[in-house]
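One file, start08.txt, is given below (compact mmCIF, C-alpha atoms and all ligand atoms).
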# COMPACT_ATOMS: atom_id res chain seq x y z
CA MET Y 1 -19.10 -17.83 0.65
CA PHE Y 2 -18.43 -14.18 1.54
CA ASN Y 3 -20.71 -13.09 4.34
CA THR Y 4 -20.53 -9.29 4.08
CA GLU Y 5 -23.24 -8.81 6.70
CA LYS Y 6 -21.08 -10.65 9.24
CA ILE Y 7 -17.96 -8.83 8.03
CA ILE Y 8 -19.64 -5.42 8.42
CA SER Y 9 -20.58 -6.35 11.99
CA ASP Y 10 -16.88 -6.98 12.71
CA PHE Y 11 -16.08 -3.29 12.09
CA PRO Y 12 -17.39 -1.01 14.87
CA ILE Y 13 -17.00 2.17 12.82
CA LEU Y 14 -19.38 0.86 10.15
CA GLN Y 15 -22.18 0.86 12.73
CA ARG Y 16 -22.01 4.64 13.18
CA LYS Y 17 -24.04 7.24 11.35
CA VAL Y 18 -22.67 10.41 9.79
CA ASN Y 19 -24.05 13.75 8.66
CA GLY Y 20 -27.29 13.70 10.62
CA GLY Y 21 -28.05 10.00 10.63
CA LYS Y 22 -26.76 8.85 7.24
CA ARG Y 23 -25.33 5.35 6.87
CA LEU Y 24 -21.54 5.50 6.57
CA VAL Y 25 -20.51 4.38 3.07
CA TYR Y 26 -16.76 4.10 3.33
CA LEU Y 27 -15.17 4.00 -0.13
CA ASP Y 28 -11.65 5.13 0.72
CA SER Y 29 -9.90 1.93 1.76
CA ALA Y 30 -7.07 2.53 -0.71
CA ALA Y 31 -6.13 5.47 1.55
CA THR Y 32 -6.63 3.50 4.75
CA SER Y 33 -8.86 0.59 5.66
CA GLN Y 34 -11.18 0.35 8.62
CA LYS Y 35 -10.22 -1.90 11.56
CA PRO Y 36 -12.09 -4.94 12.85
CA LEU Y 37 -12.84 -5.29 16.55
CA SER Y 38 -10.33 -8.15 16.93
CA VAL Y 39 -7.48 -5.80 15.92
CA ILE Y 40 -8.68 -2.97 18.14
CA LYS Y 41 -9.03 -5.41 21.04
CA ALA Y 42 -5.54 -6.88 20.54
CA MET Y 43 -4.02 -3.42 20.83
CA ASP Y 44 -6.19 -2.60 23.83
CA ASP Y 45 -5.11 -5.87 25.49
CA TYR Y 46 -1.46 -5.02 24.99
CA TYR Y 47 -1.84 -1.67 26.76
CA ARG Y 48 -4.14 -3.02 29.47
CA LEU Y 49 -2.41 -6.29 30.23
CA TYR Y 50 1.23 -6.52 29.16
CA ASN Y 51 2.54 -3.12 28.13
CA ALA Y 52 6.36 -3.26 28.24
CA ASN Y 53 9.18 -2.55 25.84
CA VAL Y 54 10.40 -5.37 23.58
CA HIS Y 55 13.82 -7.07 23.48
CA ARG Y 56 14.85 -5.36 26.72
CA GLY Y 57 13.02 -6.13 29.96
CA VAL Y 58 14.15 -9.28 31.78
CA TYR Y 59 10.76 -9.76 33.42
CA SER Y 60 7.53 -11.47 32.45
CA LEU Y 61 5.73 -8.48 30.93
CA GLY Y 62 8.76 -7.78 28.75
CA TYR Y 63 8.85 -11.40 27.61
CA GLU Y 64 5.13 -11.38 26.83
CA ALA Y 65 5.39 -8.16 24.80
CA THR Y 66 8.44 -9.47 22.91
CA GLU Y 67 6.74 -12.77 22.21
CA ALA Y 68 3.59 -11.08 20.86
CA TYR Y 69 5.65 -8.67 18.73
CA GLU Y 70 7.76 -11.47 17.25
CA LEU Y 71 4.71 -13.68 16.72
CA SER Y 72 3.29 -10.95 14.47
CA ARG Y 73 6.46 -11.01 12.41
CA LYS Y 74 6.00 -14.78 11.95
CA LYS Y 75 2.39 -14.32 10.86
CA VAL Y 76 3.31 -11.60 8.36
CA ALA Y 77 6.13 -13.76 6.98
CA LYS Y 78 3.79 -16.71 6.47
CA PHE Y 79 1.20 -14.42 4.87
CA ILE Y 80 3.57 -13.53 2.00
CA ASN Y 81 5.51 -16.82 2.09
CA ALA Y 82 8.74 -15.33 3.44
CA GLN Y 83 11.15 -16.45 6.16
CA THR Y 84 10.58 -14.65 9.45
CA GLU Y 85 14.00 -12.95 9.54
CA ASN Y 86 13.31 -11.36 6.16
CA ILE Y 87 10.45 -9.23 7.54
CA ILE Y 88 11.49 -5.82 8.88
CA PHE Y 89 8.91 -3.73 10.68
CA THR Y 90 8.85 -0.09 9.59
CA ARG Y 91 6.38 2.74 10.17
CA ASN Y 92 4.77 2.28 6.75
CA ALA Y 93 5.48 1.44 3.11
CA SER Y 94 7.05 4.85 2.55
CA GLU Y 95 9.62 4.26 5.27
CA ALA Y 96 10.37 0.80 3.88
CA ILE Y 97 11.10 2.26 0.42
CA ASN Y 98 13.20 5.04 1.93
CA LEU Y 99 15.14 2.40 3.85
CA VAL Y 100 16.03 0.49 0.68
CA ALA Y 101 16.71 3.59 -1.45
CA SER Y 102 18.92 5.06 1.22
CA SER Y 103 20.73 1.98 2.57
CA TRP Y 104 21.05 -0.17 -0.58
CA GLY Y 105 21.29 2.92 -2.78
CA ARG Y 106 24.12 4.63 -0.89
CA ALA Y 107 26.11 1.41 -0.86
CA ASN Y 108 25.56 0.54 -4.52
CA PHE Y 109 24.69 3.46 -6.83
CA ARG Y 110 27.46 5.11 -8.81
CA SER Y 111 27.23 8.05 -11.20
CA GLY Y 112 25.58 6.96 -14.46
CA ASP Y 113 23.77 3.95 -12.96
CA GLU Y 114 20.12 3.77 -13.91
CA ILE Y 115 17.03 3.35 -11.74
CA LEU Y 116 13.94 2.22 -13.64
CA LEU Y 117 10.53 3.35 -12.37
CA THR Y 118 7.11 4.00 -13.87
CA PRO Y 119 4.99 7.17 -14.17
CA MET Y 120 2.21 5.49 -12.16
CA GLU Y 121 4.22 5.33 -8.93
CA HIS Y 122 2.87 6.72 -5.69
CA HIS Y 123 5.06 9.65 -4.58
CA SER Y 124 6.42 7.30 -1.91
CA ASN Y 125 8.00 5.16 -4.63
CA LEU Y 126 9.29 8.13 -6.59
CA ILE Y 127 10.72 10.72 -4.23
CA PRO Y 128 13.09 8.35 -2.32
CA TRP Y 129 14.64 7.45 -5.71
CA GLN Y 130 14.85 11.10 -6.76
CA LEU Y 131 16.69 11.85 -3.52
CA ILE Y 132 19.19 9.02 -3.85
CA ALA Y 133 19.71 9.80 -7.56
CA GLN Y 134 20.54 13.40 -6.66
CA GLN Y 135 23.01 12.20 -4.02
CA THR Y 136 24.78 9.58 -6.13
CA GLY Y 137 24.51 10.77 -9.73
CA ALA Y 138 22.29 7.83 -10.70
CA LYS Y 139 19.69 8.52 -13.41
CA LEU Y 140 15.95 7.87 -13.32
CA LYS Y 141 14.23 6.19 -16.26
CA PHE Y 142 10.56 5.35 -16.69
CA ILE Y 143 8.60 2.58 -18.41
CA PRO Y 144 6.10 4.59 -20.51
CA LEU Y 145 2.35 4.35 -20.14
CA ILE Y 146 -0.11 3.58 -22.89
CA GLU Y 147 -3.90 3.87 -22.94
CA PRO Y 148 -5.90 3.07 -20.88
CA GLY Y 149 -3.22 3.40 -18.17
CA ILE Y 150 -1.05 0.31 -18.53
CA LEU Y 151 2.72 -0.08 -18.77
CA ASP Y 152 4.20 -0.44 -22.24
CA ILE Y 153 6.30 -3.43 -21.31
CA GLU Y 154 7.22 -4.03 -24.96
CA GLN Y 155 9.72 -1.24 -24.28
CA LEU Y 156 11.48 -3.21 -21.53
CA PRO Y 157 14.28 -4.60 -23.74
CA GLN Y 158 15.21 -1.03 -24.73
CA LEU Y 159 14.92 0.30 -21.18
CA ILE Y 160 16.79 -2.33 -19.18
CA SER Y 161 20.51 -2.81 -19.74
CA GLU Y 162 23.70 -3.46 -17.79
CA LYS Y 163 23.43 0.15 -16.60
CA THR Y 164 20.15 -0.63 -14.81
CA LYS Y 165 21.02 -1.19 -11.17
CA PHE Y 166 17.56 -1.03 -9.66
CA VAL Y 167 13.92 -1.32 -10.71
CA SER Y 168 11.07 -0.22 -8.44
CA VAL Y 169 7.49 -0.79 -9.55
CA VAL Y 170 4.03 -0.60 -8.05
CA HIS Y 171 2.17 -3.92 -8.10
CA SER Y 172 -1.33 -2.44 -8.25
CA SER Y 173 -1.88 1.26 -8.97
CA ASN Y 174 -3.69 3.22 -6.25
CA THR Y 175 -5.14 5.59 -8.89
CA LEU Y 176 -5.82 3.46 -11.98
CA GLY Y 177 -6.30 0.06 -10.41
CA THR Y 178 -3.91 -1.39 -13.01
CA ILE Y 179 -2.31 -4.63 -11.86
CA ASN Y 180 1.14 -4.61 -13.41
CA PRO Y 181 2.78 -7.69 -14.97
CA ILE Y 182 5.47 -7.68 -12.29
CA GLU Y 183 6.57 -11.27 -13.00
CA LYS Y 184 7.76 -10.16 -16.46
CA ILE Y 185 9.41 -7.02 -15.09
CA ILE Y 186 11.19 -9.03 -12.36
CA SER Y 187 12.60 -11.51 -14.85
CA HIS Y 188 13.78 -8.72 -17.21
CA ALA Y 189 15.44 -6.93 -14.30
CA HIS Y 190 17.19 -10.08 -13.10
CA ALA Y 191 18.38 -10.93 -16.61
CA TYR Y 192 20.58 -7.81 -16.37
CA GLY Y 193 21.53 -8.28 -12.73
CA ALA Y 194 19.33 -5.41 -11.53
CA LYS Y 195 17.61 -5.62 -8.14
CA ILE Y 196 13.87 -5.03 -7.97
CA LEU Y 197 11.49 -3.67 -5.33
CA ILE Y 198 7.74 -4.23 -5.54
CA ASP Y 199 5.48 -1.64 -3.95
CA ALA Y 200 2.75 -4.01 -2.78
CA SER Y 201 0.80 -1.39 -0.79
CA GLN Y 202 -2.31 -2.03 -2.89
CA SER Y 203 -1.79 -5.74 -3.53
CA VAL Y 204 -0.88 -7.50 -0.26
CA PRO Y 205 -4.13 -6.26 1.37
CA HIS Y 206 -6.24 -7.47 -1.57
CA PHE Y 207 -4.87 -10.71 -2.97
CA SER Y 208 -2.40 -13.42 -2.25
CA VAL Y 209 1.22 -12.39 -2.81
CA ASP Y 210 4.04 -14.94 -2.63
CA VAL Y 211 7.51 -13.39 -2.47
CA GLN Y 212 9.26 -16.69 -3.18
CA LYS Y 213 7.23 -17.38 -6.28
CA LEU Y 214 7.73 -13.80 -7.48
CA ASP Y 215 11.46 -13.93 -6.69
CA CYS Y 216 11.45 -10.16 -6.01
CA ASP Y 217 14.42 -8.75 -4.08
CA PHE Y 218 12.39 -6.37 -1.91
CA LEU Y 219 8.67 -5.91 -1.32
CA VAL Y 220 6.92 -3.31 0.84
CA PHE Y 221 3.45 -2.66 2.22
CA SER Y 222 1.61 -0.79 4.98
CA GLY Y 223 -0.45 -2.33 7.76
CA HIS Y 224 -3.10 0.37 7.81
CA LYS Y 225 -4.43 -0.57 4.36
CA MET Y 226 -5.03 -4.17 5.47
CA CYS Y 227 -7.16 -3.80 8.61
CA ALA Y 228 -4.16 -3.11 10.87
CA PRO Y 229 -3.42 0.15 12.69
CA THR Y 230 -1.44 3.07 11.33
CA GLY Y 231 2.25 3.28 12.21
CA ILE Y 232 3.28 -0.20 11.10
CA GLY Y 233 4.61 -1.27 7.72
CA CYS Y 234 6.77 -4.06 6.37
CA LEU Y 235 9.83 -4.51 4.28
CA PHE Y 236 10.62 -7.93 2.87
CA GLY Y 237 14.17 -8.31 1.60
CA LYS Y 238 16.29 -11.25 0.49
CA THR Y 239 18.77 -12.36 3.14
CA GLU Y 240 21.98 -11.77 1.20
CA LEU Y 241 20.89 -8.23 0.30
CA LEU Y 242 19.74 -7.26 3.79
CA ASP Y 243 22.87 -8.77 5.33
CA ALA Y 244 25.09 -6.68 3.08
CA MET Y 245 23.19 -3.41 3.60
CA PRO Y 246 24.30 -0.88 6.23
CA PRO Y 247 21.75 0.10 8.91
CA TYR Y 248 19.30 2.79 7.84
CA MET Y 249 19.00 4.36 11.30
CA GLY Y 250 20.98 3.83 14.48
CA GLY Y 251 19.96 3.47 18.12
CA GLY Y 252 18.18 1.22 20.57
CA GLU Y 253 18.43 -2.53 20.27
CA MET Y 254 19.74 -2.73 16.70
CA ILE Y 255 23.27 -3.18 18.03
CA SER Y 256 25.46 -6.06 18.97
CA GLU Y 257 28.18 -4.03 20.71
CA VAL Y 258 28.71 -0.30 21.10
CA GLN Y 259 32.06 1.40 21.66
CA LEU Y 260 32.51 5.15 21.84
CA GLU Y 261 33.91 5.34 18.31
CA PHE Y 262 32.15 2.48 16.52
CA SER Y 263 29.51 -0.22 16.87
CA SER Y 264 28.61 -3.60 15.50
CA TYR Y 265 25.04 -4.51 14.63
CA ARG Y 266 22.58 -7.26 15.28
CA GLU Y 267 21.57 -9.74 12.63
CA ILE Y 268 18.51 -9.14 10.42
CA PRO Y 269 15.75 -8.16 10.91
CA TRP Y 270 16.67 -6.25 14.10
CA LYS Y 271 19.61 -4.45 12.46
CA PHE Y 272 17.01 -2.30 10.71
CA GLU Y 273 14.71 -1.64 13.68
CA ALA Y 274 16.30 1.24 15.57
CA GLY Y 275 14.59 2.55 18.70
CA THR Y 276 11.39 1.41 20.37
CA PRO Y 277 9.11 0.07 17.62
CA ASN Y 278 5.35 0.55 17.37
CA ILE Y 279 4.67 -2.55 19.48
CA SER Y 280 0.90 -2.34 19.74
CA ALA Y 281 0.54 -1.68 16.00
CA ALA Y 282 2.78 -4.64 15.17
CA ILE Y 283 0.62 -6.85 17.39
CA GLY Y 284 -2.47 -5.41 15.70
CA LEU Y 285 -0.97 -6.25 12.30
CA GLY Y 286 -0.56 -9.89 13.30
CA VAL Y 287 -4.23 -10.03 14.26
CA ALA Y 288 -5.20 -8.26 11.01
CA VAL Y 289 -3.33 -10.98 9.12
CA ASP Y 290 -5.33 -13.57 11.09
CA TYR Y 291 -8.52 -11.75 10.18
CA LEU Y 292 -7.78 -11.54 6.44
CA SER Y 293 -6.59 -15.17 6.43
CA SER Y 294 -9.85 -16.25 8.05
CA LEU Y 295 -11.76 -14.58 5.20
CA GLY Y 296 -9.36 -16.08 2.64
CA MET Y 297 -7.33 -13.95 0.22
CA TYR Y 298 -8.86 -15.75 -2.76
CA ASN Y 299 -12.36 -14.90 -1.51
CA ILE Y 300 -11.35 -11.29 -0.88
CA ARG Y 301 -10.09 -10.96 -4.44
CA GLN Y 302 -13.23 -12.56 -5.90
CA HIS Y 303 -15.42 -10.23 -3.83
CA GLU Y 304 -13.49 -7.20 -5.06
CA ILE Y 305 -13.58 -8.31 -8.70
CA GLU Y 306 -17.34 -8.74 -8.48
CA LEU Y 307 -17.82 -5.38 -6.80
CA THR Y 308 -15.48 -3.53 -9.18
CA ASN Y 309 -17.15 -4.99 -12.27
CA TYR Y 310 -20.53 -4.10 -10.84
CA ALA Y 311 -19.36 -0.55 -10.11
CA LEU Y 312 -17.83 -0.13 -13.57
CA SER Y 313 -21.15 -1.02 -15.18
CA VAL Y 314 -23.42 0.91 -12.78
CA LEU Y 315 -21.29 4.07 -12.82
CA GLN Y 316 -21.21 3.98 -16.61
CA GLU Y 317 -24.86 5.09 -16.43
CA VAL Y 318 -23.97 8.36 -14.72
CA ASP Y 319 -24.03 11.20 -17.28
CA GLU Y 320 -20.70 12.78 -18.17
CA ILE Y 321 -18.67 10.39 -16.04
CA GLU Y 322 -15.17 9.58 -17.19
CA MET Y 323 -13.54 6.60 -15.51
CA TYR Y 324 -9.83 5.90 -15.78
CA GLY Y 325 -7.77 2.74 -15.96
CA PRO Y 326 -8.15 -0.65 -17.60
CA THR Y 327 -11.41 -2.58 -17.56
CA GLU Y 328 -9.73 -5.93 -16.92
CA ASN Y 329 -7.14 -7.24 -14.52
CA ARG Y 330 -7.55 -4.38 -12.10
CA GLY Y 331 -7.78 -3.85 -8.38
CA GLY Y 332 -10.78 -2.44 -6.53
CA VAL Y 333 -10.19 1.25 -7.17
CA ILE Y 334 -12.06 3.44 -9.63
CA SER Y 335 -10.90 6.99 -10.30
CA PHE Y 336 -13.26 9.25 -12.19
CA ASN Y 337 -14.41 12.76 -13.03
CA ILE Y 338 -17.88 14.08 -13.77
CA GLY Y 339 -18.05 16.73 -16.49
CA ASP Y 340 -16.28 19.88 -15.39
CA ALA Y 341 -16.95 19.36 -11.69
CA HIS Y 342 -13.79 19.49 -9.60
CA ALA Y 343 -13.14 16.26 -7.70
CA HIS Y 344 -13.13 18.16 -4.39
CA ASP Y 345 -16.66 19.43 -5.10
CA VAL Y 346 -17.76 15.90 -6.05
CA SER Y 347 -16.35 14.56 -2.79
CA THR Y 348 -18.03 17.29 -0.74
CA ILE Y 349 -21.44 16.55 -2.28
CA LEU Y 350 -20.98 12.78 -1.74
CA ASP Y 351 -20.04 13.46 1.87
CA GLU Y 352 -23.49 14.99 2.43
CA ASP Y 353 -24.86 11.51 1.72
CA GLY Y 354 -22.40 9.84 4.10
CA ILE Y 355 -20.13 8.64 1.26
CA CYS Y 356 -16.36 8.91 1.70
CA VAL Y 357 -14.19 8.98 -1.43
CA ARG Y 358 -10.71 10.35 -2.03
CA ALA Y 359 -10.32 13.47 -4.19
CA GLY Y 360 -7.18 15.08 -5.54
CA HIS Y 361 -4.04 13.58 -7.06
CA ASN Y 362 -3.94 10.48 -4.81
CA CYS Y 363 -0.18 11.12 -4.26
CA THR Y 364 0.34 10.35 -7.96
CA GLN Y 365 0.75 13.82 -9.46
CA PRO Y 366 2.70 12.72 -12.58
CA LEU Y 367 0.04 10.10 -13.32
CA VAL Y 368 -2.88 12.53 -12.91
CA ARG Y 369 -0.98 14.93 -15.18
CA TRP Y 370 -0.67 12.10 -17.73
CA LEU Y 371 -4.46 11.68 -17.51
CA GLY Y 372 -4.69 15.36 -18.46
CA VAL Y 373 -6.91 16.41 -15.55
CA PRO Y 374 -6.28 18.56 -12.48
CA ALA Y 375 -7.60 15.92 -10.06
CA VAL Y 376 -9.69 12.77 -9.82
CA ALA Y 377 -12.26 11.41 -7.40
CA ARG Y 378 -11.59 7.82 -6.34
CA ALA Y 379 -13.83 5.14 -4.91
CA SER Y 380 -12.01 2.12 -3.50
CA PHE Y 381 -13.45 -1.11 -2.17
CA TYR Y 382 -12.57 -3.59 0.52
CA VAL Y 383 -13.96 -6.61 2.32
CA TYR Y 384 -16.84 -4.71 3.97
CA ASN Y 385 -18.18 -3.01 0.85
CA THR Y 386 -21.34 -4.15 -0.88
CA LYS Y 387 -23.34 -3.56 -4.05
CA GLU Y 388 -25.58 -1.29 -1.93
CA ASP Y 389 -22.54 0.94 -1.34
CA VAL Y 390 -21.99 1.12 -5.10
CA ASP Y 391 -25.68 1.92 -5.67
CA ALA Y 392 -25.49 4.65 -3.03
CA LEU Y 393 -22.44 6.12 -4.81
CA ALA Y 394 -24.18 6.01 -8.20
CA ALA Y 395 -27.32 7.67 -6.82
CA SER Y 396 -25.31 10.40 -5.14
CA LEU Y 397 -23.26 10.98 -8.29
CA LYS Y 398 -26.49 11.60 -10.20
CA LYS Y 399 -27.13 14.40 -7.69
CA VAL Y 400 -23.67 15.79 -8.38
CA GLN Y 401 -24.49 15.76 -12.05
CA GLU Y 402 -27.77 17.60 -11.44
CA VAL Y 403 -26.07 20.25 -9.29
CA PHE Y 404 -23.48 20.88 -11.96
CA SER Y 405 -25.78 20.88 -14.97
CA PHE Y 406 -28.01 23.29 -13.04
CA ALA Y 407 -24.99 25.48 -12.31
CA ALA Y 408 -23.97 25.37 -15.97
CA ALA Y 409 -27.49 26.29 -17.14
CA LYS Y 410 -27.66 29.36 -14.86
C1 LIG X 1 0.67 2.29 -4.13
C2 LIG X 1 1.06 2.96 -2.84
N1 LIG X 1 2.35 3.02 -2.49
C3 LIG X 1 2.75 3.58 -1.36
C4 LIG X 1 1.85 4.17 -0.50
C5 LIG X 1 2.35 4.80 0.74
O1 LIG X 1 1.81 4.20 1.87
P1 LIG X 1 2.08 4.83 3.31
O2 LIG X 1 1.52 6.22 3.28
O3 LIG X 1 1.33 3.94 4.23
O4 LIG X 1 3.54 4.81 3.51
C6 LIG X 1 0.50 4.16 -0.83
C7 LIG X 1 -0.51 4.83 0.04
O5 LIG X 1 -1.50 5.33 -0.42
C8 LIG X 1 0.09 3.53 -2.02
O6 LIG X 1 -1.20 3.48 -2.39
Could you express the structure from this file as structure tokens?
Amino acid sequence: MFNTEKIISDFPILQRKVNGGKRLVYLDSAATSQKPLSVIKAMDDYYRLYNANVHRGVYSLGYEATEAYELSRKKVAKFINAQTENIIFTRNASEAINLVASSWGRANFRSGDEILLTPMEHHSNLIPWQLIAQQTGAKLKFIPLIEPGILDIEQLPQLISEKTKFVSVVHSSNTLGTINPIEKIISHAHAYGAKILIDASQSVPHFSVDVQKLDCDFLVFSGHKMCAPTGIGCLFGKTELLDAMPPYMGGGEMISEVQLEFSSYREIPWKFEAGTPNISAAIGLGVAVDYLSSLGMYNIRQHEIELTNYALSVLQEVDEIEMYGPTENRGGVISFNIGDAHAHDVSTILDEDGICVRAGHNCTQPLVRWLGVPAVARASFYVYNTKEDVDALAASLKKVQEVFSFAAAK
């Protein structure tokens, strides 16, 4: 059902060798995924064959570029079951969150209003809310965490009230792998009239997400974690909210009419797309959506569940390993530490074997602090990873263990 050999052959980078001829074992897709040839080729075609700005040129190249750019928007919309006009192209998930915090937040937050977050947020879903809270006098609150790294949603009735104006929650944690019960959080938020944003950076690339079924108000993700290029991200927002929000940035073709003293703006989504967008990346994203759809999001999820369960059991055999996060209902990321070895040292030793993992705080400093460690190493899986990759990681981690027990014995 899932032909990983064929999938691997779709990704040119996976054919290369590293560190003196070692097979590349790429286990850092939660940071950014690799790109299939079809995506690379689509971007190359744009620059070779129809490079022109969008929504401007009244000539055939301009029409072709605009058509391809807007077709990508349609594909993305269908992918998450949204209407096309509800998809705004941004640079990445971070920019999409900043857009909402800044535009919706400035228009709506008053002193004493509450914004509900969680301690497992990526910095990109924390700092924009800190900034807007500082500017408006709104207060930040957090759904507490309980072992082994899940949200204590029993606390929701005490945490959400009429004061709660906004809730912003990660769908799937990039450090713990926890998949949060966002349906419950959305319905609690709506019961008190609060708006809710879902940070789907680690969910949209990995399993099927349906914004209509979820009934979330906003949802964000980045293209580069789902086989698309860097420099393109998406914001989904409900029509009535986007319509009422002021533009985030001004300039370019986001206008309807410009006078010297004031301007009027285009309808959504273009109202929020100031300046020349990342056209080639948007086109690449549309092709990435085609690619993932051809594999099937259900199949992708099943593949990742199988691989993650396999990794959890194989890595358990490595001496002194501590793995974080729940064992069930989790995405394909495993953060860990080995004895007293610093995650950066672990990563450097793995690199000698051609294995790429993330090491540090994964842009989740408060969460890593909650874990009580200075840093973690993180292996993350995607469509092109195999059990052989997991075995290679486990074998290399045994070497790490040997190096460190040797160092300790000296
Ligand atoms: C859960 C989560 N949210 C937000 C982001 C930010 O994504 P970007 O850097 O593409 O804006 C990331 C990236 O690692 C993430 O994992």
Please find the residues contacting ligand LIG 1 (chain X) at a distance of at most 7 Å between atoms, with only C-alpha atoms and all ligand atoms counted, and report them as JSON, numbers by chain.
{"Y": [30, 31, 92, 93, 94, 95, 121, 122, 124, 125, 170, 172, 173, 174, 199, 200, 201, 202, 222, 224]}
- Identify the residues around (-10.3, -10.4, -4.7) within a radius of 10 Å, measuring from only C-alpha atoms in the coordinates stated by the file, and give them as a list in words.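 The distance filter leaves exactly Ser203, Pro205, His206, Phe207, Ser208, Gly296, Met297, Tyr298, Asn299, Ile300, Arg301, Gln302, His303, Glu304, Ile305, Glu306, Leu307, Thr308, Arg330, Gly331, Gly332, Tyr382 and Val383 of chain Y.
For the choices Y:Ile355, Y:Leu61, Y:Met249, Y:Val39, the atom-to-atom distance to Ala395 in chain Y is smallest for Y:Ile355 when using all atoms listed in the file.
Straight-line separation from CA of Ser72 in chain Y to CA of Tyr46 in chain Y: 13.0 Å.
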- Interatomic distance between CA of Tyr265 in chain Y and CA of Ser102 in chain Y?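 Between these atoms lies a distance of 17.6 Å.
Coordinates place CA of Lys238 in chain Y at a distance of 27.7 Å from CA of Asn53 in chain Y.
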From the list Y:Cys227, Y:Leu214, Y:Ala282, Y:Ile255, the nearest residue to Thr32 in chain Y using all atoms listed in the file is Y:Cys227
- prompt: Contacts of Phe109 in chain Y at 10 Å or less, counting only C-alpha atoms, minus same-chain residues fewer than 5 places along, as a VMD selection string?
  reply: chain Y and resid 101 104 114 to 115 132 to 133 135 to 139 165 to 166
Need the shell around Ile196 in chain Y: protein/DNA/RNA residues with any atom at most 12 Å away, counting only C-alpha atoms. Skip same-chain ones fewer than 6 positions apart. Format as a PDB file with C-alpha atoms, in the coordinates of the input?
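Now in around12.pdb:
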ATOM      1  CA  ILE Y  97      11.100   2.260   0.420  1.00  0.00           C
ATOM      2  CA  VAL Y 100      16.030   0.490   0.680  1.00  0.00           C
ATOM      3  CA  ALA Y 101      16.710   3.590  -1.450  1.00  0.00           C
ATOM      4  CA  TRP Y 104      21.050  -0.170  -0.580  1.00  0.00           C
ATOM      5  CA  ILE Y 115      17.030   3.350 -11.740  1.00  0.00           C
ATOM      6  CA  LEU Y 116      13.940   2.220 -13.640  1.00  0.00           C
ATOM      7  CA  LEU Y 117      10.530   3.350 -12.370  1.00  0.00           C
ATOM      8  CA  ILE Y 160      16.790  -2.330 -19.180  1.00  0.00           C
ATOM      9  CA  THR Y 164      20.150  -0.630 -14.810  1.00  0.00           C
ATOM     10  CA  LYS Y 165      21.020  -1.190 -11.170  1.00  0.00           C
ATOM     11  CA  PHE Y 166      17.560  -1.030  -9.660  1.00  0.00           C
ATOM     12  CA  VAL Y 167      13.920  -1.320 -10.710  1.00  0.00           C
ATOM     13  CA  SER Y 168      11.070  -0.220  -8.440  1.00  0.00           C
ATOM     14  CA  VAL Y 169       7.490  -0.790  -9.550  1.00  0.00           C
ATOM     15  CA  VAL Y 170       4.030  -0.600  -8.050  1.00  0.00           C
ATOM     16  CA  HIS Y 171       2.170  -3.920  -8.100  1.00  0.00           C
ATOM     17  CA  ILE Y 182       5.470  -7.680 -12.290  1.00  0.00           C
ATOM     18  CA  GLU Y 183       6.570 -11.270 -13.000  1.00  0.00           C
ATOM     19  CA  LYS Y 184       7.760 -10.160 -16.460  1.00  0.00           C
ATOM     20  CA  ILE Y 185       9.410  -7.020 -15.090  1.00  0.00           C
ATOM     21  CA  ILE Y 186      11.190  -9.030 -12.360  1.00  0.00           C
ATOM     22  CA  SER Y 187      12.600 -11.510 -14.850  1.00  0.00           C
ATOM     23  CA  HIS Y 188      13.780  -8.720 -17.210  1.00  0.00           C
ATOM     24  CA  ALA Y 189      15.440  -6.930 -14.300  1.00  0.00           C
ATOM     25  CA  HIS Y 190      17.190 -10.080 -13.100  1.00  0.00           C
ATOM     26  CA  VAL Y 211       7.510 -13.390  -2.470  1.00  0.00           C
ATOM     27  CA  LEU Y 214       7.730 -13.800  -7.480  1.00  0.00           C
ATOM     28  CA  ASP Y 215      11.460 -13.930  -6.690  1.00  0.00           C
ATOM     29  CA  CYS Y 216      11.450 -10.160  -6.010  1.00  0.00           C
ATOM     30  CA  ASP Y 217      14.420  -8.750  -4.080  1.00  0.00           C
ATOM     31  CA  PHE Y 218      12.390  -6.370  -1.910  1.00  0.00           C
ATOM     32  CA  LEU Y 219       8.670  -5.910  -1.320  1.00  0.00           C
ATOM     33  CA  VAL Y 220       6.920  -3.310   0.840  1.00  0.00           C
ATOM     34  CA  PHE Y 236      10.620  -7.930   2.870  1.00  0.00           C
ATOM     35  CA  GLY Y 237      14.170  -8.310   1.600  1.00  0.00           C
ATOM     36  CA  LYS Y 238      16.290 -11.250   0.490  1.00  0.00           C
ATOM     37  CA  LEU Y 241      20.890  -8.230   0.300  1.00  0.00           C
TER      38      LEU Y 241
END
With only C-alpha atoms as the counted atoms, please give the residues lying no more than 8 Å from Glu253 in chain Y, apart from itself and same-chain residues fewer than 4 positions off, as a count of residues only.
6
Nearby residues (only C-alpha atoms) at most 8 Å from Pro246 in chain Y, same-chain spacing under 2 positions excluded, as a PDB file with C-alpha atoms, in the frame of the given file:
ATOM      1  CA  SER Y 103      20.730   1.980   2.570  1.00  0.00           C
ATOM      2  CA  TRP Y 104      21.050  -0.170  -0.580  1.00  0.00           C
ATOM      3  CA  ALA Y 107      26.110   1.410  -0.860  1.00  0.00           C
ATOM      4  CA  ALA Y 244      25.090  -6.680   3.080  1.00  0.00           C
ATOM      5  CA  TYR Y 248      19.300   2.790   7.840  1.00  0.00           C
TER       6      TYR Y 248
END
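Using only C-alpha atoms for every distance, the candidate list Y:Leu99, Y:Ala311, Y:Ile146, Y:Ala377 yields Y:Leu99 as the residue closest to Pro128 in chain Y.
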